[in-house]
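Text of data-v8.csv (CSV, C-alpha atoms) as supplied:
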```
chain,number,residue,atom,x,y,z
A,1,ASP,CA,159.7,83.1,-70.2
A,2,ALA,CA,159.1,86.2,-72.3
A,3,LYS,CA,160.0,85.7,-75.9
A,4,THR,CA,162.7,87.5,-77.8
A,5,THR,CA,162.9,88.0,-81.6
A,6,GLN,CA,166.2,88.5,-83.4
A,7,PRO,CA,167.1,88.6,-87.1
A,8,ASN,CA,168.5,85.3,-88.3
A,9,SER,CA,171.7,86.8,-89.7
A,10,MET,CA,173.6,90.0,-90.1
A,11,GLU,CA,176.7,91.0,-91.9
A,12,SER,CA,179.3,93.7,-91.1
A,13,ASN,CA,182.5,95.0,-92.4
A,14,GLU,CA,185.6,94.8,-90.2
A,15,GLU,CA,186.3,97.9,-88.2
A,16,GLU,CA,182.7,99.1,-88.6
A,17,PRO,CA,180.1,99.4,-85.8
A,18,VAL,CA,177.5,96.7,-85.6
A,19,HIS,CA,174.0,97.1,-84.1
A,20,LEU,CA,172.3,93.8,-83.3
A,21,PRO,CA,168.6,94.3,-82.5
A,22,CYS,CA,166.4,92.3,-80.2
A,23,ASN,CA,162.6,92.7,-79.8
A,24,HIS,CA,161.0,91.7,-76.6
A,25,SER,CA,157.5,93.3,-76.6
A,26,THR,CA,156.2,91.1,-73.8
A,27,ILE,CA,159.0,91.8,-71.4
A,28,SER,CA,157.9,92.2,-67.8
A,29,GLY,CA,158.9,95.1,-65.6
A,30,THR,CA,161.5,93.2,-63.7
A,31,ASP,CA,163.1,91.1,-66.6
A,32,TYR,CA,166.8,91.7,-67.2
A,33,ILE,CA,168.1,91.7,-70.8
A,34,HIS,CA,171.1,89.5,-71.2
A,35,TRP,CA,173.3,88.9,-74.2
A,36,TYR,CA,175.5,85.8,-74.8
A,37,ARG,CA,177.5,84.9,-77.8
A,38,GLN,CA,178.8,81.7,-79.2
A,39,LEU,CA,182.0,81.8,-81.2
A,40,PRO,CA,182.5,78.9,-83.7
A,41,SER,CA,183.2,75.6,-82.0
A,42,GLN,CA,183.0,77.1,-78.5
A,43,GLY,CA,180.5,77.3,-75.7
A,44,PRO,CA,178.4,80.4,-75.3
A,45,GLU,CA,179.9,83.3,-73.3
A,46,TYR,CA,178.3,86.2,-71.5
A,47,VAL,CA,178.5,89.5,-73.1
A,48,ILE,CA,176.5,92.1,-71.2
A,49,HIS,CA,173.2,92.6,-69.4
A,50,GLY,CA,171.0,95.5,-68.4
A,51,LEU,CA,167.6,96.5,-66.9
A,52,THR,CA,166.6,100.0,-68.0
A,53,SER,CA,169.7,102.1,-68.5
A,54,ASN,CA,172.2,101.7,-71.3
A,55,VAL,CA,175.2,99.7,-70.2
A,56,ASN,CA,178.8,99.6,-71.4
A,57,ASN,CA,181.6,97.1,-70.8
A,58,ARG,CA,184.8,96.2,-72.5
A,59,MET,CA,183.1,93.9,-75.0
A,60,ALA,CA,180.0,95.9,-76.0
A,61,SER,CA,177.3,98.4,-75.3
A,62,LEU,CA,173.7,97.7,-74.6
A,63,ALA,CA,171.1,100.2,-75.6
A,64,ILE,CA,167.6,99.7,-74.1
A,65,ALA,CA,164.6,101.4,-75.5
A,66,GLU,CA,162.7,103.6,-73.2
A,67,ASP,CA,159.6,101.3,-73.2
A,68,ARG,CA,162.0,98.3,-72.9
A,69,LYS,CA,160.3,96.5,-75.7
A,70,SER,CA,163.5,96.3,-77.7
A,71,SER,CA,167.2,96.6,-77.2
A,72,THR,CA,170.3,96.8,-79.3
A,73,LEU,CA,173.7,95.2,-78.7
A,74,ILE,CA,176.4,97.5,-80.1
A,75,LEU,CA,179.9,96.3,-81.1
A,76,HIS,CA,181.7,99.5,-81.7
A,77,ARG,CA,184.3,98.2,-84.1
A,78,ALA,CA,183.7,94.7,-85.4
A,79,THR,CA,186.6,92.4,-85.8
A,80,LEU,CA,186.9,89.0,-87.4
A,81,ARG,CA,186.9,87.5,-83.9
A,82,ASP,CA,183.4,88.9,-83.3
A,83,ALA,CA,181.9,86.6,-85.9
A,84,ALA,CA,179.5,84.5,-83.7
A,85,VAL,CA,175.9,83.8,-83.0
A,86,TYR,CA,174.5,86.4,-80.6
A,87,TYR,CA,171.7,85.5,-78.2
A,88,CYS,CA,169.3,87.9,-76.5
A,89,ILE,CA,167.8,86.3,-73.4
A,90,LEU,CA,165.4,87.7,-70.8
A,91,ARG,CA,166.0,86.8,-67.2
A,92,GLU,CA,163.8,87.4,-64.2
A,93,PRO,CA,165.6,88.7,-61.1
A,94,GLU,CA,167.0,86.2,-58.6
A,95,THR,CA,167.2,83.5,-61.2
A,96,GLY,CA,170.9,83.1,-61.4
A,97,ASN,CA,170.5,79.4,-60.4
A,98,THR,CA,168.1,78.6,-63.2
A,99,PRO,CA,168.8,77.7,-66.9
A,100,LEU,CA,169.2,80.0,-69.8
A,101,VAL,CA,166.6,79.7,-72.5
A,102,PHE,CA,168.2,80.2,-75.9
A,103,GLY,CA,166.4,81.2,-79.0
A,104,LYS,CA,167.9,80.9,-82.5
A,105,GLY,CA,170.0,84.1,-82.1
A,106,THR,CA,171.6,86.2,-84.8
A,107,ARG,CA,174.5,84.9,-86.8
A,108,LEU,CA,177.0,87.8,-87.3
A,109,SER,CA,179.4,87.5,-90.2
A,110,VAL,CA,182.3,89.9,-90.3
A,111,ILE,CA,183.9,90.7,-93.7
A,112,ALA,CA,187.5,91.7,-93.9
B,113,ASP,CA,190.9,79.7,-63.1
B,114,ALA,CA,190.8,77.1,-65.8
B,115,GLY,CA,187.2,77.6,-66.5
B,116,VAL,CA,184.7,74.8,-66.9
B,117,ILE,CA,186.4,71.6,-68.0
B,118,GLN,CA,184.7,69.0,-70.1
B,119,SER,CA,186.0,65.6,-71.2
B,120,PRO,CA,186.3,64.1,-73.7
B,121,ARG,CA,186.2,66.9,-76.2
B,122,HIS,CA,185.3,64.4,-79.0
B,123,GLU,CA,183.7,61.0,-78.8
B,124,VAL,CA,182.8,58.7,-81.6
B,125,THR,CA,181.0,55.5,-80.6
B,126,GLU,CA,178.7,52.9,-82.1
B,127,MET,CA,175.0,52.6,-81.5
B,128,GLY,CA,174.3,50.7,-78.4
B,129,GLN,CA,177.4,51.6,-76.5
B,130,GLU,CA,177.5,53.5,-73.2
B,131,VAL,CA,178.8,57.0,-73.3
B,132,THR,CA,179.9,59.0,-70.3
B,133,LEU,CA,180.6,62.8,-70.5
B,134,ARG,CA,182.4,64.5,-67.7
B,135,CYS,CA,182.3,68.1,-66.4
B,136,LYS,CA,184.4,69.9,-63.8
B,137,PRO,CA,182.7,73.2,-62.9
B,138,ILE,CA,184.5,76.4,-61.8
B,139,SER,CA,185.7,76.0,-58.2
B,140,GLY,CA,183.2,77.6,-55.8
B,141,HIS,CA,180.3,77.6,-58.2
B,142,ASN,CA,177.1,76.1,-56.8
B,143,SER,CA,174.9,75.6,-59.9
B,144,LEU,CA,175.7,73.3,-62.8
B,145,PHE,CA,173.8,72.9,-66.1
B,146,TRP,CA,174.0,70.4,-68.9
B,147,TYR,CA,172.8,71.6,-72.4
B,148,ARG,CA,172.7,69.9,-75.7
B,149,GLN,CA,173.1,71.6,-79.1
B,150,THR,CA,171.9,70.3,-82.5
B,151,MET,CA,171.3,72.0,-85.7
B,152,MET,CA,167.6,71.2,-85.6
B,153,ARG,CA,166.8,72.1,-82.0
B,154,GLY,CA,169.5,74.6,-81.1
B,155,LEU,CA,170.7,74.9,-77.5
B,156,GLU,CA,168.4,73.1,-75.0
B,157,LEU,CA,168.7,72.3,-71.3
B,158,LEU,CA,168.9,68.7,-70.3
B,159,ILE,CA,169.3,68.9,-66.5
B,160,TYR,CA,170.6,71.2,-63.8
B,161,PHE,CA,171.8,71.0,-60.3
B,162,ASN,CA,171.9,73.5,-57.4
B,163,ASN,CA,174.3,72.6,-54.6
B,164,ASN,CA,174.7,69.1,-56.1
B,165,VAL,CA,171.0,68.4,-56.1
B,166,PRO,CA,169.2,67.8,-59.3
B,167,ILE,CA,166.4,70.4,-59.7
B,168,ASP,CA,164.9,69.9,-63.1
B,169,ASP,CA,165.6,66.9,-65.4
B,170,SER,CA,162.5,67.4,-67.6
B,171,GLY,CA,164.8,68.1,-70.6
B,172,MET,CA,166.4,64.7,-70.4
B,173,PRO,CA,165.2,62.9,-73.6
B,174,GLU,CA,164.4,59.6,-72.1
B,175,ASP,CA,165.5,57.0,-69.6
B,176,ARG,CA,168.6,56.3,-71.6
B,177,PHE,CA,170.0,59.6,-70.2
B,178,SER,CA,171.2,60.0,-66.6
B,179,ALA,CA,173.2,62.6,-64.8
B,180,LYS,CA,174.9,62.7,-61.5
B,181,MET,CA,176.7,65.2,-59.4
B,182,PRO,CA,178.4,63.3,-56.5
B,183,ASN,CA,180.2,66.4,-55.3
B,184,ALA,CA,180.7,70.1,-56.0
B,185,SER,CA,183.6,69.5,-58.3
B,186,PHE,CA,182.3,66.8,-60.7
B,187,SER,CA,179.3,65.8,-62.8
B,188,THR,CA,178.7,63.1,-65.3
B,189,LEU,CA,176.1,62.7,-68.1
B,190,LYS,CA,175.6,59.1,-69.2
B,191,ILE,CA,173.8,57.8,-72.2
B,192,GLN,CA,173.1,54.1,-72.2
B,193,PRO,CA,172.5,52.7,-74.8
B,194,SER,CA,173.5,55.5,-77.2
B,195,GLU,CA,171.6,56.0,-80.5
B,196,PRO,CA,172.5,58.0,-83.7
B,197,ARG,CA,170.0,60.7,-82.8
B,198,ASP,CA,172.0,61.4,-79.6
B,199,SER,CA,174.8,62.9,-81.9
B,200,ALA,CA,175.2,66.5,-80.8
B,201,VAL,CA,177.4,68.9,-78.9
B,202,TYR,CA,177.0,68.6,-75.1
B,203,PHE,CA,177.8,71.7,-73.0
B,204,CYS,CA,178.3,71.9,-69.3
B,205,ALA,CA,178.0,75.3,-67.6
B,206,SER,CA,178.3,76.5,-64.1
B,207,SER,CA,177.4,79.6,-62.2
B,208,LEU,CA,177.7,81.1,-58.7
B,209,PHE,CA,174.4,82.0,-57.3
B,210,GLN,CA,174.4,84.4,-54.4
B,211,GLY,CA,171.0,85.9,-55.2
B,212,GLY,CA,170.8,87.9,-58.4
B,213,LEU,CA,171.5,87.0,-61.9
B,214,GLY,CA,174.3,84.5,-62.0
B,215,THR,CA,176.4,84.6,-65.1
B,216,GLN,CA,176.8,81.2,-66.6
B,217,TYR,CA,180.2,80.0,-67.7
B,218,PHE,CA,180.3,77.3,-70.4
B,219,GLY,CA,182.8,74.6,-71.1
B,220,PRO,CA,184.1,73.9,-74.6
B,221,GLY,CA,181.6,71.1,-75.1
B,222,THR,CA,181.8,67.5,-76.0
B,223,ARG,CA,181.1,66.7,-79.6
B,224,LEU,CA,179.4,63.3,-79.7
B,225,LEU,CA,178.9,61.2,-82.8
B,226,VAL,CA,177.0,57.9,-82.6
B,227,LEU,CA,177.4,55.7,-85.6
```

Would you write out, as structure tokens, the structure that this file holds?
Amino acid sequence: DAKTTQPNSMESNEEEPVHLPCNHSTISGTDYIHWYRQLPSQGPEYVIHGLTSNVNNRMASLAIAEDRKSSTLILHRATLRDAAVYYCILREPETGNTPLVFGKGTRLSVIA
Amino acid sequence: DAGVIQSPRHEVTEMGQEVTLRCKPISGHNSLFWYRQTMMRGLELLIYFNNNVPIDDSGMPEDRFSAKMPNASFSTLKIQPSEPRDSAVYFCASSLFQGGLGTQYFGPGTRLLVL
């Protein structure tokens, strides 16, 4: 699997936007970029995914660089409930029945 | 839907005892995954099933670990005998694969402590 690189930790003030970066310079042309997050004492949960175009859903936005070598997960207004470890994961198409490969992720702290 | 259900949520046992972790996937899902999370190694796959058939158990640490999926609604992960190094949080996840990317849904985990 292509490797991703994320900062170990980030901090944000409540109600401020948060930009979580992910580098994936060896991404293949068909790899999808997925984001999961793990809230304290919970299992990981899906956040968003994309291929080339920027994506929005109710939880977050995903901005993908034109060369696809990096992406950014955007939380528009961080709340205390967004404090979690965020994982950026690359997935080949048609791999929905295969495991996720988790890196260390980024631990996001949100300050009130 | 109730989501993925795992039991027990917490287990404390003594070294050498048998431990059985249980998982009920989301109804209709056809893939099931067992992951383990420790501070040292993070989240790692132990084994996964597609349509109740084990596909890859290369992540199972050793013969002390075994997993079964007798039907689409139930899976177990057994450790016999347990050792202190097995202490971790064990997650079960399920997904519906119909071609494509298959979002995985995780249970709340079982926190295992082996004394």

Practice task
Would you give me, as a ChimeraX atom specification, the residues of chain B that come within 7 Å of chain A, using only C-alpha atoms?
Solution key: /B:143,145,154-155,157,162,203,209,211-215,217-221

Exercise for the section: Tell me, as a PyMOL selection string, which residues lie within 10 Å of Ala78 of chain A, counting all atoms listed in the file; anything in the same chain fewer than 3 positions away does not count. Expected result: chain A and resi 12-18+74-75+81-83+108-112

Problem - Within 8 Å of Leu227 of chain B using all atoms listed in the file, minus same-chain residues under 4 positions, as a ChimeraX atom specification - result: /B:124-127,195-196

Practice task
Measure the distance from atom CA of Cys22 of chain A to atom CA of Asn8 of chain A in Å and round it to one decimal.
Solution key: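 Between these atoms lies a distance of 10.9 Å.
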
Practice task
Tell me which of B:Ala205, B:Ile167, B:Ala184, B:Met152 sits closest to Gly140 of chain B, counting all atoms listed in the file.
Solution key: B:Ala184

Fill in the blank from the handout: Min atom-atom distance to Thr52 of chain A from the set A:Val85, A:Leu39, A:His76, A:Ile27, counting all atoms listed in the file, belongs to A:Ile27

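Residue nearest Leu224 of chain B, chosen from B:Ala200, B:Leu208, B:Met172, B:Leu158 and counting all atoms listed in the file: B:Ala200.
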
Problem - Exercise: Leu62 of chain A partners within 6 Å, only C-alpha atoms, chain neighbours under 2 positions left out, as a PyMOL selection string - result: chain A and resi 54-55+72-73

Handout entry: Shell around Ser170 of chain B at 12 Å using all atoms listed in the file, local window under 5 positions removed, as a PyMOL selection string
Key = chain B and resi 146+156-160+175+177-178

Practice task
Please indicate the distance in Å from atom CA of Gln216 of chain B to atom CA of Pro120 of chain B, rounded to one decimal place.
Solution key: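 Value for the atom CA of Gln216 of chain B-atom CA of Pro120 of chain B distance: 20.8 Å.
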
Exercise for the section: Enumerate, as number ranges by chain, the protein, DNA and RNA residues whose atoms approach (184.5, 56.2, -72.7) to within 12 Å, taking into account all atoms listed in the file and the coordinate frame of the file. Expected result: B: 119-126, 129-134, 188-192, 194, 224

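If you measure from each of B:Gly128, B:Met151, B:Pro137, B:Asn183 to Ala114 of chain B using only C-alpha atoms, the closest one turns out to be B:Pro137.
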
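Shortest atom-to-atom contact with Ser187 of chain B among B:Lys136, B:Arg153, B:His141, B:Arg223: B:Lys136, counting only C-alpha atoms.
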
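The gap separating atom CA of Asp168 of chain B from atom CA of Lys3 of chain A is 20.9 Å, in Å to one decimal.
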
Exercise for the section: Compute the distance from (161.3, 96.6, -71.4) to each atom, counting all atoms listed in the file, keep the residues with any atom at most 7 Å away, and return them as a ChimeraX atom specification; use the coordinates of the file. Expected result: /A:27-29,67-70
